[in-house]
>>> print(open('work-v8.pdb').read())   # PDB, C-alpha atoms
ATOM      1  CA  ARG A   1      16.984   3.801  -5.306
ATOM      2  CA  VAL A   2      14.554   1.362  -6.960
ATOM      3  CA  VAL A   3      13.927  -2.067  -5.466
ATOM      4  CA  ALA A   4      12.287  -4.482  -7.908
ATOM      5  CA  VAL A   5      10.095  -7.209  -6.430
ATOM      6  CA  ALA A   6      10.319 -10.616  -8.105
ATOM      7  CA  ALA A   7       7.082 -11.592  -9.868
ATOM      8  CA  ALA A   8       6.902 -14.953  -8.058
ATOM      9  CA  SER A   9       7.236 -13.367  -4.590
ATOM     10  CA  THR A  10       4.541 -14.129  -2.028
ATOM     11  CA  ALA A  11       6.076 -12.239   0.917
ATOM     12  CA  LEU A  12       8.420  -9.293   1.361
ATOM     13  CA  ALA A  13       9.536  -7.889   4.719
ATOM     14  CA  LEU A  14      10.618  -4.269   4.363
ATOM     15  CA  THR A  15      13.647  -3.068   6.330
ATOM     16  CA  ALA A  16      15.031   0.396   6.886
ATOM     17  CA  ALA A  17      18.408  -0.568   5.422
ATOM     18  CA  ALA A  18      17.047  -2.071   2.201
ATOM     19  CA  HIS A  19      13.828  -0.119   1.554
ATOM     20  CA  ALA A  20      13.548   3.209   3.440
ATOM     21  CA  GLY A  21      13.843   6.168   1.092
ATOM     22  CA  ARG A  22      13.612   3.864  -1.917
ATOM     23  CA  ILE A  23      10.846   2.932  -4.348
ATOM     24  CA  VAL A  24       9.575  -0.648  -4.169
ATOM     25  CA  VAL A  25       8.206  -1.598  -7.592
ATOM     26  CA  VAL A  26       5.731  -4.484  -7.774
ATOM     27  CA  PRO A  27       5.364  -6.161 -11.200
ATOM     28  CA  ILE A  28       2.460  -8.401 -12.185
ATOM     29  CA  ILE A  29       2.496 -10.998  -9.401
ATOM     30  CA  THR A  30       2.520 -14.560 -10.707
ATOM     31  CA  GLY A  31       2.120 -16.351  -7.365
ATOM     32  CA  ALA A  32      -0.838 -16.650  -5.030
ATOM     33  CA  GLY A  33      -0.699 -13.016  -3.914
ATOM     34  CA  LEU A  34       1.904 -10.828  -2.247
ATOM     35  CA  THR A  35       2.068  -9.597   1.349
ATOM     36  CA  ILE A  36       4.481  -6.760   2.088
ATOM     37  CA  THR A  37       5.199  -6.349   5.804
ATOM     38  CA  LEU A  38       6.382  -3.057   7.262
ATOM     39  CA  PRO A  39       9.027  -2.893   9.986
ATOM     40  CA  ALA A  40       7.940  -1.905  13.488
ATOM     41  CA  ALA A  41       6.846   1.739  13.692
ATOM     42  CA  THR A  42       9.192   3.546  16.070
ATOM     43  CA  GLY A  43       9.044   7.180  14.951
ATOM     44  CA  THR A  44      12.113   7.201  12.693
ATOM     45  CA  GLY A  45      10.443   9.292   9.982
ATOM     46  CA  ASP A  46      11.509   6.695   7.416
ATOM     47  CA  ILE A  47       9.476   6.799   4.197
ATOM     48  CA  TYR A  48       8.580   3.720   2.174
ATOM     49  CA  ARG A  49       7.095   4.036  -1.334
ATOM     50  CA  ILE A  50       5.377   1.194  -3.150
ATOM     51  CA  ILE A  51       4.297   1.302  -6.793
ATOM     52  CA  ASN A  52       2.044  -1.314  -8.369
ATOM     53  CA  ASN A  53       3.475  -1.402 -11.873
ATOM     54  CA  GLY A  54       1.036  -3.886 -13.402
ATOM     55  CA  VAL A  55      -2.574  -4.939 -13.683
ATOM     56  CA  GLN A  56      -2.750  -7.605 -10.999
ATOM     57  CA  THR A  57      -4.738 -10.845 -11.056
ATOM     58  CA  VAL A  58      -4.096 -11.604  -7.357
ATOM     59  CA  SER A  59      -4.215  -9.389  -4.286
ATOM     60  CA  LEU A  60      -1.384  -7.271  -2.911
ATOM     61  CA  THR A  61      -1.483  -6.557   0.831
ATOM     62  CA  VAL A  62       0.694  -4.104   2.749
ATOM     63  CA  THR A  63       0.570  -4.742   6.485
ATOM     64  CA  ALA A  64       2.006  -3.294   9.657
ATOM     65  CA  LEU A  65       3.040  -5.465  12.560
ATOM     66  CA  ALA A  66       0.578  -6.336  15.320
ATOM     67  CA  GLY A  67       0.272  -3.370  17.684
ATOM     68  CA  ASP A  68       0.982  -0.787  14.976
ATOM     69  CA  ILE A  69      -1.854   1.167  13.331
ATOM     70  CA  MET A  70      -2.332   3.143  10.121
ATOM     71  CA  SER A  71      -3.695   6.637   9.769
ATOM     72  CA  GLY A  72      -3.922   8.679   6.567
ATOM     73  CA  LYS A  73      -6.125   8.243   3.502
ATOM     74  CA  ALA A  74      -6.788   6.328   0.310
ATOM     75  CA  ILE A  75      -8.015   8.044  -2.846
ATOM     76  CA  GLY A  76      -9.698   5.779  -5.366
ATOM     77  CA  TRP A  77      -9.921   6.571  -9.077
ATOM     78  CA  HIS A  78     -12.548   4.592 -10.970
ATOM     79  CA  LEU A  79     -11.535   3.015 -14.282
ATOM     80  CA  THR A  80     -14.529   4.625 -15.948
ATOM     81  CA  ALA A  81     -15.863   8.150 -15.487
ATOM     82  CA  GLY A  82     -17.142   9.707 -12.336
ATOM     83  CA  ALA A  83     -17.101   7.391  -9.315
ATOM     84  CA  ASN A  84     -13.938   8.502  -7.495
ATOM     85  CA  ASP A  85     -13.896   8.277  -3.701
ATOM     86  CA  LEU A  86     -11.880   8.965  -0.525
ATOM     87  CA  PHE A  87     -11.385   6.499   2.342
ATOM     88  CA  TYR A  88      -9.875   6.717   5.841
ATOM     89  CA  PRO A  89      -8.630   3.921   8.099
ATOM     90  CA  THR A  90     -10.304   3.237  11.429
ATOM     91  CA  ALA A  91      -8.388   3.467  14.695
ATOM     92  CA  ALA A  92      -7.603  -0.277  14.563
ATOM     93  CA  ASP A  93      -6.540  -0.736  10.919
ATOM     94  CA  ILE A  94      -3.101  -2.243  10.325
ATOM     95  CA  LYS A  95      -3.171  -3.095   6.616
ATOM     96  CA  TYR A  96      -4.272  -2.114   3.137
ATOM     97  CA  THR A  97      -5.229  -4.667   0.463
ATOM     98  CA  PHE A  98      -5.311  -3.963  -3.256
ATOM     99  CA  ASN A  99      -7.900  -6.624  -4.178
ATOM    100  CA  VAL A 100      -7.716  -6.233  -7.999
ATOM    101  CA  THR A 101     -11.168  -4.616  -8.221
ATOM    102  CA  THR A 102     -12.823  -2.282  -5.700
ATOM    103  CA  THR A 103      -9.727  -1.377  -3.614
ATOM    104  CA  GLY A 104      -7.123  -1.169  -6.361
ATOM    105  CA  GLY A 105      -4.700  -3.413  -8.140
ATOM    106  CA  ASP A 106      -5.677  -2.400 -11.659
ATOM    107  CA  GLY A 107      -2.267  -0.789 -12.235
ATOM    108  CA  GLY A 108      -0.700   2.545 -11.395
ATOM    109  CA  ASP A 109      -1.436   2.270  -7.668
ATOM    110  CA  THR A 110       0.909   4.069  -5.282
ATOM    111  CA  MET A 111       1.374   3.891  -1.544
ATOM    112  CA  GLU A 112       3.575   6.059   0.641
ATOM    113  CA  LEU A 113       4.082   5.046   4.253
ATOM    114  CA  ILE A 114       5.798   7.166   6.901
ATOM    115  CA  ASP A 115       6.974   5.859  10.278
ATOM    116  CA  LEU A 116       5.393   8.666  12.357
ATOM    117  CA  ALA A 117       5.723   7.476  15.934
ATOM    118  CA  THR A 118       5.882   4.359  18.047
ATOM    119  CA  ASP A 119       3.078   2.073  16.780
ATOM    120  CA  SER A 120       1.929   4.624  14.168
ATOM    121  CA  TRP A 121       2.188   4.586  10.349
ATOM    122  CA  TRP A 122       0.839   7.320   8.081
ATOM    123  CA  ALA A 123      -0.417   5.948   4.763
ATOM    124  CA  ASN A 124      -1.171   7.849   1.568
ATOM    125  CA  VAL A 125      -2.721   5.529  -1.031
ATOM    126  CA  GLU A 126      -3.852   6.314  -4.572
ATOM    127  CA  PHE A 127      -5.467   3.456  -6.432
ATOM    128  CA  THR A 128      -7.316   2.630  -9.613
ATOM    129  CA  GLY A 129     -10.310   0.379  -9.133
ATOM    130  CA  SER A 130     -13.378  -1.028 -10.771
ATOM    131  CA  GLY A 131     -16.907  -1.705  -9.566
ATOM    132  CA  THR A 132     -18.081   0.220  -6.515
ATOM    133  CA  LEU A 133     -14.900   1.537  -4.907
ATOM    134  CA  ALA A 134     -14.292   0.523  -1.313
ATOM    135  CA  THR A 135     -11.680   0.910   1.399
ATOM    136  CA  GLY A 136      -8.728  -1.458   1.399
ATOM    137  CA  PHE A 137      -7.916  -0.563   5.018
ATOM    138  CA  ALA A 138      -8.576  -3.289   7.565
TER     139      ALA A 138
END
>>> encode(input="work-v8.pdb", output="structure tokens")
Amino acid sequence: RVVAVAAASTALALTAAAHAGRIVVVPIITGAGLTITLPAATGTGDIYRIINNGVQTVSLTVTALAGDIMSGKAIGWHLTAGANDLFYPTAADIKYTFNVTTTGGDGGDTMELIDLATDSWWANVEFTGSGTLATGFA
């Protein structure tokens, strides 16, 4: 039920057979950054869970395919007291980037993605960030 990502990975394409209903665990990435690509949204109801299990030094991006969009929310928890925030994607957003500071990547980040309908992903993101928190949706 747990799929471990190799630390040197730079790309991972999720599939229903290998990743739906499982937990994808991302360690500290040692390469130039990691892009996780979702399968096409078709309304299967499949759920994909991603856990950032390390304090990253490079960005981690989760992206849908062209033509798909994300709805949902991202809740940011500031590393120090009091600056938590809530963010929503726009109608054209297809990805979320944990940039190691303002949009997450500082460890303990989680992302749940549900294939809601054709061309539509629902995203629930919780991240720990630093600086002035910002949206990772784009």
>>> residues_around(input="work-v8.pdb", residues="Arg22 (chain A)", least_positions_apart="6", cutoff="12 Å", atoms="only C-alpha atoms", output="MDAnalysis selection string")
chainID A and resid 1:4 14:16 46:51 112:113
>>> resolve_selection(input="work-v8.pdb", expression="the PyMOL selection byres ((chain A and resi 129) around 8)", output="list in words")
Gly76, Trp77, His78, Leu79, Val100, Thr101, Thr102, Thr103, Gly104, Gly105, Asp106, Phe127, Thr128, Ser130, Gly131 and Leu133 of chain A
>>> atom_distance(input="work-v8.pdb", atom1="CA of Ala7 (chain A)", atom2="CA of Ile23 (chain A)")
16.0 Å
>>> resolve_selection(input="work-v8.pdb", expression="the PyMOL selection byres ((chain A and resi 69-71) around 10)", output="PDB file with C-alpha atoms, in the frame of the given file")
ATOM      1  CA  ALA A  41       6.846   1.739  13.692  1.00  0.00           C
ATOM      2  CA  THR A  63       0.570  -4.742   6.485  1.00  0.00           C
ATOM      3  CA  ALA A  64       2.006  -3.294   9.657  1.00  0.00           C
ATOM      4  CA  LEU A  65       3.040  -5.465  12.560  1.00  0.00           C
ATOM      5  CA  ALA A  66       0.578  -6.336  15.320  1.00  0.00           C
ATOM      6  CA  GLY A  67       0.272  -3.370  17.684  1.00  0.00           C
ATOM      7  CA  ASP A  68       0.982  -0.787  14.976  1.00  0.00           C
ATOM      8  CA  GLY A  72      -3.922   8.679   6.567  1.00  0.00           C
ATOM      9  CA  LYS A  73      -6.125   8.243   3.502  1.00  0.00           C
ATOM     10  CA  ALA A  74      -6.788   6.328   0.310  1.00  0.00           C
ATOM     11  CA  TYR A  88      -9.875   6.717   5.841  1.00  0.00           C
ATOM     12  CA  PRO A  89      -8.630   3.921   8.099  1.00  0.00           C
ATOM     13  CA  THR A  90     -10.304   3.237  11.429  1.00  0.00           C
ATOM     14  CA  ALA A  91      -8.388   3.467  14.695  1.00  0.00           C
ATOM     15  CA  ALA A  92      -7.603  -0.277  14.563  1.00  0.00           C
ATOM     16  CA  ASP A  93      -6.540  -0.736  10.919  1.00  0.00           C
ATOM     17  CA  ILE A  94      -3.101  -2.243  10.325  1.00  0.00           C
ATOM     18  CA  LYS A  95      -3.171  -3.095   6.616  1.00  0.00           C
ATOM     19  CA  TYR A  96      -4.272  -2.114   3.137  1.00  0.00           C
ATOM     20  CA  LEU A 113       4.082   5.046   4.253  1.00  0.00           C
ATOM     21  CA  ILE A 114       5.798   7.166   6.901  1.00  0.00           C
ATOM     22  CA  ASP A 115       6.974   5.859  10.278  1.00  0.00           C
ATOM     23  CA  LEU A 116       5.393   8.666  12.357  1.00  0.00           C
ATOM     24  CA  THR A 118       5.882   4.359  18.047  1.00  0.00           C
ATOM     25  CA  ASP A 119       3.078   2.073  16.780  1.00  0.00           C
ATOM     26  CA  SER A 120       1.929   4.624  14.168  1.00  0.00           C
ATOM     27  CA  TRP A 121       2.188   4.586  10.349  1.00  0.00           C
ATOM     28  CA  TRP A 122       0.839   7.320   8.081  1.00  0.00           C
ATOM     29  CA  ALA A 123      -0.417   5.948   4.763  1.00  0.00           C
ATOM     30  CA  ASN A 124      -1.171   7.849   1.568  1.00  0.00           C
ATOM     31  CA  PHE A 137      -7.916  -0.563   5.018  1.00  0.00           C
ATOM     32  CA  ALA A 138      -8.576  -3.289   7.565  1.00  0.00           C
TER      33      ALA A 138
END
>>> resolve_selection(input="work-v8.pdb", expression="the PyMOL selection byres ((chain A and resi 52) around 10)", output="PyMOL selection string")
chain A and resi 24-29+50-51+53-56+60+98+104-111+127
>>> atom_distance(input="work-v8.pdb", atom1="CA of Leu34 (chain A)", atom2="CA of Ala11 (chain A)")
5.4 Å
>>> atom_distance(input="work-v8.pdb", atom1="CA of Ala40 (chain A)", atom2="CA of Ala18 (chain A)")
14.5 Å
